[in-house]
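> Dropping in model24.cif, which is mmCIF, C-alpha atoms:
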```cif
data_start
#
loop_
_atom_site.label_atom_id
_atom_site.label_comp_id
_atom_site.auth_asym_id
_atom_site.auth_seq_id
_atom_site.Cartn_x
_atom_site.Cartn_y
_atom_site.Cartn_z
CA MET A 1 9.95 -11.84 -9.62
CA ASN A 2 12.25 -8.85 -9.20
CA ASN A 3 11.21 -5.25 -8.70
CA GLN A 4 11.62 -4.27 -12.36
CA LYS A 5 9.42 -7.12 -13.58
CA LEU A 6 6.81 -6.36 -10.94
CA ALA A 7 6.81 -2.66 -11.83
CA PHE A 8 6.47 -3.51 -15.54
CA SER A 9 3.54 -5.89 -14.86
CA LEU A 10 1.78 -3.37 -12.66
CA ARG A 11 2.24 -0.58 -15.19
CA LEU A 12 0.91 -2.84 -17.93
CA PHE A 13 -2.13 -3.52 -15.75
CA VAL A 14 -2.62 0.24 -15.24
CA LEU A 15 -2.32 0.82 -18.99
CA ILE A 16 -4.91 -1.85 -19.81
CA LEU A 17 -7.25 -0.51 -17.15
CA GLY A 18 -6.76 2.99 -18.49
CA LEU A 19 -7.59 1.91 -22.03
CA PHE A 20 -10.73 0.11 -20.86
CA GLY A 21 -11.63 3.23 -18.92
CA LEU A 22 -11.65 5.28 -22.09
CA GLY A 23 -14.56 3.11 -23.24
CA PHE A 24 -16.32 4.03 -20.00
CA PHE A 25 -16.17 7.74 -20.85
CA PHE A 26 -17.66 7.19 -24.27
CA ALA A 27 -20.33 4.86 -22.90
CA ILE A 28 -21.59 7.15 -20.10
CA PRO A 29 -24.56 8.57 -22.07
CA ILE A 30 -25.90 5.07 -22.92
CA PRO A 31 -26.96 3.88 -19.44
CA VAL A 32 -28.09 7.41 -18.60
CA GLN A 33 -30.35 7.39 -21.67
CA PHE A 34 -31.67 3.97 -20.66
CA LEU A 35 -32.39 5.27 -17.15
CA ILE A 36 -34.28 8.27 -18.53
CA GLN A 37 -36.30 6.01 -20.84
CA THR A 38 -37.27 3.90 -17.82
CA TYR A 39 -37.86 6.92 -15.59
CA PRO A 40 -38.88 9.92 -17.73
CA GLN A 41 -38.99 12.10 -14.60
CA ALA A 42 -35.18 11.77 -14.46
CA GLU A 43 -34.76 13.89 -17.62
CA GLY A 44 -33.93 16.91 -15.47
CA LEU A 45 -31.13 15.00 -13.81
CA ARG A 46 -29.43 13.94 -17.05
CA TRP A 47 -26.52 16.37 -16.84
CA ILE A 48 -26.08 15.90 -13.10
CA ILE A 49 -25.86 12.13 -13.50
CA GLN A 50 -23.49 12.38 -16.47
CA SER A 51 -21.31 14.91 -14.65
CA MET A 52 -21.09 12.72 -11.55
CA LEU A 53 -20.16 9.69 -13.65
CA PHE A 54 -17.62 11.77 -15.56
CA LEU A 55 -16.12 13.10 -12.33
CA GLY A 56 -15.95 9.59 -10.93
CA GLY A 57 -14.07 8.47 -14.02
CA ILE A 58 -11.60 11.37 -13.76
CA LEU A 59 -10.95 10.48 -10.12
CA VAL A 60 -10.20 6.88 -11.07
CA TYR A 61 -7.67 8.16 -13.64
CA GLY A 62 -6.16 10.29 -10.91
CA ALA A 63 -5.73 7.21 -8.75
CA LEU A 64 -4.25 5.28 -11.67
CA PHE A 65 -1.76 8.11 -12.28
CA VAL A 66 -0.65 8.07 -8.64
CA PHE A 67 -0.35 4.27 -8.77
CA TRP A 68 1.69 4.57 -11.99
CA LYS A 69 4.20 6.75 -10.12
CA ILE A 70 4.27 4.25 -7.23
CA CYS A 71 5.08 1.49 -9.75
CA GLY A 72 7.95 3.62 -11.09
CA ARG A 73 9.46 3.87 -7.63
CA ILE A 74 9.04 0.13 -7.07
CA GLY A 75 10.98 -0.40 -10.29
CA CYS A 76 13.77 1.80 -8.95
CA ASN A 77 14.03 -0.33 -5.79
CA ARG A 78 12.33 2.37 -3.73
CA SER A 79 9.30 0.35 -2.66
CA PHE A 80 9.39 1.57 0.93
CA CYS A 81 9.61 5.33 0.74
CA GLU A 82 7.68 8.31 2.05
CA GLU A 83 6.47 9.21 -1.44
CA ASN A 84 4.84 5.80 -1.86
CA ALA A 85 3.14 6.10 1.53
CA LYS A 86 1.82 9.56 0.51
CA GLY A 87 0.70 8.16 -2.84
CA LEU A 88 -1.24 5.38 -1.14
CA LYS A 89 -2.90 7.92 1.17
CA GLN A 90 -3.89 9.95 -1.90
CA ILE A 91 -5.45 6.85 -3.46
CA SER A 92 -7.29 6.27 -0.19
CA TRP A 93 -8.70 9.80 -0.28
CA ILE A 94 -9.76 9.35 -3.90
CA SER A 95 -11.55 6.12 -2.90
CA TRP A 96 -13.41 7.90 -0.11
CA ILE A 97 -14.45 10.68 -2.50
CA GLU A 98 -15.65 8.12 -5.04
CA THR A 99 -17.62 6.34 -2.32
CA GLY A 100 -19.12 9.66 -1.27
CA LEU A 101 -20.06 10.49 -4.85
CA CYS A 102 -21.73 7.12 -5.26
CA LEU A 103 -23.64 7.56 -2.01
CA LEU A 104 -24.73 11.03 -3.09
CA GLY A 105 -25.94 9.63 -6.40
CA MET A 106 -27.90 6.89 -4.70
CA ILE A 107 -29.54 9.37 -2.32
CA LEU A 108 -30.41 11.57 -5.31
CA PHE A 109 -31.98 8.61 -7.10
CA LEU A 110 -33.86 7.58 -3.96
CA VAL A 111 -35.25 11.10 -3.41
CA ASP A 112 -36.40 11.26 -7.03
CA GLY A 113 -37.89 7.77 -6.86
CA ILE A 114 -35.70 6.40 -9.61
CA LEU A 115 -33.57 4.01 -7.56
CA HIS A 116 -34.03 0.88 -9.62
CA PRO A 117 -33.10 -2.35 -7.74
CA VAL A 118 -30.27 -2.95 -10.22
CA LEU A 119 -28.93 0.53 -9.55
CA LEU A 120 -29.21 -0.11 -5.82
CA LEU A 121 -27.21 -3.32 -6.14
CA LEU A 122 -24.60 -1.65 -8.34
CA GLY A 123 -24.41 1.27 -5.97
CA LEU A 124 -23.95 -0.96 -2.94
CA GLY A 125 -21.25 -2.83 -4.81
CA VAL A 126 -19.41 0.39 -5.66
CA LEU A 127 -19.80 1.62 -2.07
CA SER A 128 -18.39 -1.61 -0.66
CA PHE A 129 -15.51 -1.68 -3.10
CA GLY A 130 -14.75 1.98 -2.51
CA CYS A 131 -14.67 1.54 1.27
CA LEU A 132 -12.52 -1.56 0.93
CA MET A 133 -10.03 0.27 -1.33
CA ALA A 134 -9.90 3.25 1.02
CA VAL A 135 -9.27 1.16 4.12
CA ALA A 136 -6.81 -1.17 2.37
CA THR A 137 -4.72 1.68 0.92
CA THR A 138 -4.67 3.54 4.25
CA THR A 139 -3.43 0.38 5.96
CA LEU A 140 -0.84 -0.16 3.22
CA ALA A 141 0.35 3.43 3.57
CA TYR A 142 0.87 2.87 7.30
CA LEU A 143 2.76 -0.37 6.69
CA VAL A 144 4.96 1.26 4.04
CA THR A 145 5.84 4.03 6.53
CA ILE A 146 6.84 1.45 9.15
CA ALA A 147 8.78 -0.56 6.56
CA GLU A 148 10.62 2.59 5.44
CA ALA A 149 11.73 3.28 9.00
CA ILE A 150 12.91 -0.32 9.43
CA GLN A 151 14.74 -0.23 6.09
CA THR A 152 16.51 3.05 6.93
CA GLU A 153 17.53 1.67 10.30
CA ASN A 154 18.74 -1.54 8.66
CA GLU A 155 20.77 0.33 6.06
CA LEU A 156 22.60 2.14 8.86
CA VAL A 157 23.57 -1.13 10.56
CA VAL A 158 26.92 -2.00 9.00
CA MET B 1 25.27 8.85 26.14
CA LYS B 2 26.16 7.26 22.85
CA ILE B 3 28.68 4.88 21.35
CA ASN B 4 31.40 6.52 19.27
CA VAL B 5 33.33 4.51 16.70
CA THR B 6 36.99 5.57 16.77
CA LEU B 7 37.77 3.92 13.46
CA ASP B 8 39.67 6.93 12.12
CA VAL B 9 42.05 6.81 15.12
CA MET B 10 42.76 3.13 14.56
CA LEU B 11 43.19 3.62 10.82
CA ALA B 12 45.75 6.37 11.51
CA LYS B 13 47.61 4.15 14.00
CA ARG B 14 47.80 1.30 11.52
CA LYS B 15 48.51 3.70 8.65
CA MET B 16 45.67 2.26 6.62
CA SER B 17 43.27 4.07 4.34
CA VAL B 18 39.48 3.64 4.27
CA THR B 19 39.77 2.17 0.76
CA GLU B 20 42.29 -0.44 1.90
CA LEU B 21 40.19 -1.38 4.91
CA SER B 22 37.02 -1.73 2.82
CA GLU B 23 38.87 -3.98 0.37
CA ARG B 24 40.29 -6.12 3.16
CA ILE B 25 37.03 -6.67 5.02
CA GLY B 26 34.80 -6.86 1.93
CA ILE B 27 32.51 -4.02 2.89
CA THR B 28 31.70 -1.10 0.62
CA MET B 29 33.45 2.22 1.15
CA ALA B 30 30.07 3.80 1.71
CA ASN B 31 29.41 1.55 4.70
CA VAL B 32 32.89 2.09 6.11
CA SER B 33 32.31 5.85 5.77
CA ILE B 34 29.00 5.50 7.62
CA LEU B 35 30.90 3.86 10.47
CA LYS B 36 33.71 6.39 10.38
CA ASN B 37 31.39 9.41 10.37
CA GLY B 38 29.33 8.18 13.30
CA LYS B 39 26.14 7.78 11.28
CA ALA B 40 25.83 4.05 11.86
CA LYS B 41 22.90 2.88 14.00
CA GLY B 42 24.61 -0.40 14.75
CA ILE B 43 27.33 -2.80 13.78
CA LYS B 44 27.09 -6.53 13.20
CA PHE B 45 29.43 -8.75 15.18
CA ASP B 46 30.68 -10.20 11.93
CA THR B 47 31.66 -6.74 10.67
CA LEU B 48 33.28 -5.84 13.99
CA CYS B 49 35.25 -9.09 13.93
CA LYS B 50 36.52 -8.42 10.39
CA ILE B 51 37.56 -4.86 11.26
CA CYS B 52 39.40 -6.04 14.40
CA GLU B 53 41.17 -8.70 12.36
CA ALA B 54 42.17 -6.22 9.65
CA LEU B 55 43.37 -3.60 12.15
CA ASP B 56 44.79 -6.10 14.66
CA CYS B 57 42.91 -4.64 17.57
CA GLN B 58 40.15 -5.33 20.08
CA PRO B 59 36.55 -4.12 19.88
CA GLY B 60 37.26 -1.85 22.83
CA ASP B 61 39.88 -0.06 20.73
CA LEU B 62 37.19 0.89 18.25
CA LEU B 63 34.25 1.69 20.48
CA GLU B 64 33.93 4.26 23.23
CA VAL B 65 31.03 5.60 25.23
CA ILE B 66 30.66 9.38 25.18
CA GLN B 67 28.30 11.86 26.81
CA GLU B 68 26.11 13.67 24.28
#
```
Before we go any further, please render this structure as structure tokens.


Amino acid sequence: MNNQKLAFSLRLFVLILGLFGLGFFFAIPIPVQFLIQTYPQAEGLRWIIQSMLFLGGILVYGALFVFWKICGRIGCNRSFCEENAKGLKQISWISWIETGLCLLGMILFLVDGILHPVLLLLGLGVLSFGCLMAVATTTLAYLVTIAEAIQTENELVV
Amino acid sequence: MKINVTLDVMLAKRKMSVTELSERIGITMANVSILKNGKAKGIKFDTLCKICEALDCQPGDLLEVIQE
């Protein structure tokens, strides 16, 4: 598979994920409503919960946008470049912020006594995935930086 | 100390242009220019051999050690 095909496949994946994500934005009020029906005392937290979910979704779109640009550079045979390393670091930061948001949400639920076991499981899953993404993208960013240096050095060996 | 490639001197002695040399040794003009301008980080033995063959010289005629 050459770089152009890989870039096309990755961008297609981003597009599909983005389209599915739109459904997420429209569906946010549904689980929130269900949570409030189960825990009426959470009514006061409705807008906070919806805002946090909305913010989380926006951050994911931010990460997808950065990844879209990385795919563009891969397609132009610029896989190992400083911009890609920076992009991966940005995605890492976004992952850490998402993980922090999720943790904050879980603490909020716990304090208000509305941390349903299903929510706990989901939250732990999101936390784990977020940490994994953050660490993986930071590592990738480091490797891309090293690879860029090696590539530059190699290009100057005639 | 660094290695200086005196390709331009040898090209002048042999009255050969960069274009002609790149065509003879099968290396792009961009790479030959990198060598000529001292921006190269290294040279493969294969490349050095081809340049010596094209310019009828020894590696020592192309490379010199200079104080920075």

> For chain A, work out the contacting residues on chain B at 7 Å, counting only C-alpha atoms, and write them as a PDB file with C-alpha atoms, in the frame of the given file.


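That gives us result_18.pdb:
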```
ATOM      1  CA  ASN B  31      29.410   1.550   4.700  1.00  0.00           C
ATOM      2  CA  ALA B  40      25.830   4.050  11.860  1.00  0.00           C
ATOM      3  CA  LYS B  41      22.900   2.880  14.000  1.00  0.00           C
ATOM      4  CA  GLY B  42      24.610  -0.400  14.750  1.00  0.00           C
ATOM      5  CA  ILE B  43      27.330  -2.800  13.780  1.00  0.00           C
ATOM      6  CA  LYS B  44      27.090  -6.530  13.200  1.00  0.00           C
ATOM      7  CA  THR B  47      31.660  -6.740  10.670  1.00  0.00           C
TER       8      THR B  47
END
```

> Go through A:Glu98, A:Glu83, A:Glu148, A:Glu43 and flag the residue nearest Asp112 (chain A), using all atoms listed in the file for the distances.

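Residue with the minimum atom-to-atom distance to Asp112 (chain A): A:Glu43.
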
> The PyMOL selection byres ((chain A and resi 124-139) around 10) on the file shown: which residues, as a PyMOL selection string?

chain A and resi 85-103+106+118-123+140-145

> As a check of understanding, name the residues that the PyMOL selection byres ((chain B and resi 38) around 10) selects in the supplied structure, as a tab-separated table (two decimals) with C-alpha atoms, in the frame of the given file.


```
chain	number	residue	atom	x	y	z
B	3	ILE	CA	28.68	4.88	21.35
B	4	ASN	CA	31.40	6.52	19.27
B	5	VAL	CA	33.33	4.51	16.70
B	6	THR	CA	36.99	5.57	16.77
B	7	LEU	CA	37.77	3.92	13.46
B	33	SER	CA	32.31	5.85	5.77
B	34	ILE	CA	29.00	5.50	7.62
B	35	LEU	CA	30.90	3.86	10.47
B	36	LYS	CA	33.71	6.39	10.38
B	37	ASN	CA	31.39	9.41	10.37
B	39	LYS	CA	26.14	7.78	11.28
B	40	ALA	CA	25.83	4.05	11.86
B	41	LYS	CA	22.90	2.88	14.00
B	42	GLY	CA	24.61	-0.40	14.75
```

> From the set A:Gly113, A:Gly72, A:Gly44, A:Gly105, which residue has the shortest atom-to-atom contact distance to Leu12 (chain A), counting all atoms listed in the file?

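Closest candidate: A:Gly72.
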
> Measuring between only C-alpha atoms, which one of B:Glu68, B:Met1, B:Ala54, B:Leu48 shows the shortest distance to Ser17 (chain B)?

B:Ala54

> Give the answer as one residue: which of B:Ser22, B:Lys2, B:Phe45, B:Met29 has the shortest atom-to-atom distance to Glu64 (chain B), using only C-alpha atoms?

B:Lys2

> To one decimal place in Å, what is the distance between CA of Leu53 (chain A) and CA of Ile28 (chain A)?

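Interatomic distance, CA of Leu53 (chain A) to CA of Ile28 (chain A): 7.1 Å.
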
> Quick one: distance from CA of Leu55 (chain B) to CA of Arg14 (chain B) in Å, one decimal?

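Interatomic distance, CA of Leu55 (chain B) to CA of Arg14 (chain B): 6.6 Å.
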
> What gap, in Å, lies between CA of Leu55 (chain A) and CA of Gly23 (chain A)?

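Rounded to one decimal, the two atoms are 14.9 Å apart.
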
> Would you compute, for all listed atoms of region 112-122 of chain A, the axis-aligned bounding box grown by 6 Å on each side, and then report its centre and edge lengths in Å rounded to one decimal, as AutoDock Vina command-line options?


```
--center_x -31.2 --center_y 4.0 --center_z -8.0 --size_x 25.3 --size_y 26.6 --size_z 16.4
```

> Choose the residue, out of B:Val9, B:Val32, B:Val18, B:Ile27, that has the smallest atom-to-atom separation from Leu62 (chain B); count only C-alpha atoms.

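With only C-alpha atoms as the atom set, the closest residue is B:Val9.
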
> Taking all atoms listed in the file into account, name the residue in A:Leu10, A:Val111, A:Ala149, A:Leu104 that is nearest to Ala42 (chain A).

A:Val111

> Neighbouring residues of region 24-27 of chain A were defined as those with any atom within 10 Å, considering only C-alpha atoms; residues of the same chain fewer than 2 positions away were excluded. Please report them as a PDB file with C-alpha atoms, in the frame of the given file.


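See selection_21.pdb below for the written result:
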```
ATOM      1  CA  GLY A  18      -6.760   2.990 -18.490  1.00  0.00           C
ATOM      2  CA  LEU A  19      -7.590   1.910 -22.030  1.00  0.00           C
ATOM      3  CA  PHE A  20     -10.730   0.110 -20.860  1.00  0.00           C
ATOM      4  CA  GLY A  21     -11.630   3.230 -18.920  1.00  0.00           C
ATOM      5  CA  LEU A  22     -11.650   5.280 -22.090  1.00  0.00           C
ATOM      6  CA  PRO A  29     -24.560   8.570 -22.070  1.00  0.00           C
ATOM      7  CA  ILE A  30     -25.900   5.070 -22.920  1.00  0.00           C
ATOM      8  CA  PRO A  31     -26.960   3.880 -19.440  1.00  0.00           C
ATOM      9  CA  VAL A  32     -28.090   7.410 -18.600  1.00  0.00           C
ATOM     10  CA  GLN A  50     -23.490  12.380 -16.470  1.00  0.00           C
ATOM     11  CA  LEU A  53     -20.160   9.690 -13.650  1.00  0.00           C
ATOM     12  CA  PHE A  54     -17.620  11.770 -15.560  1.00  0.00           C
ATOM     13  CA  GLY A  57     -14.070   8.470 -14.020  1.00  0.00           C
ATOM     14  CA  ILE A  58     -11.600  11.370 -13.760  1.00  0.00           C
TER      15      ILE A  58
END
```
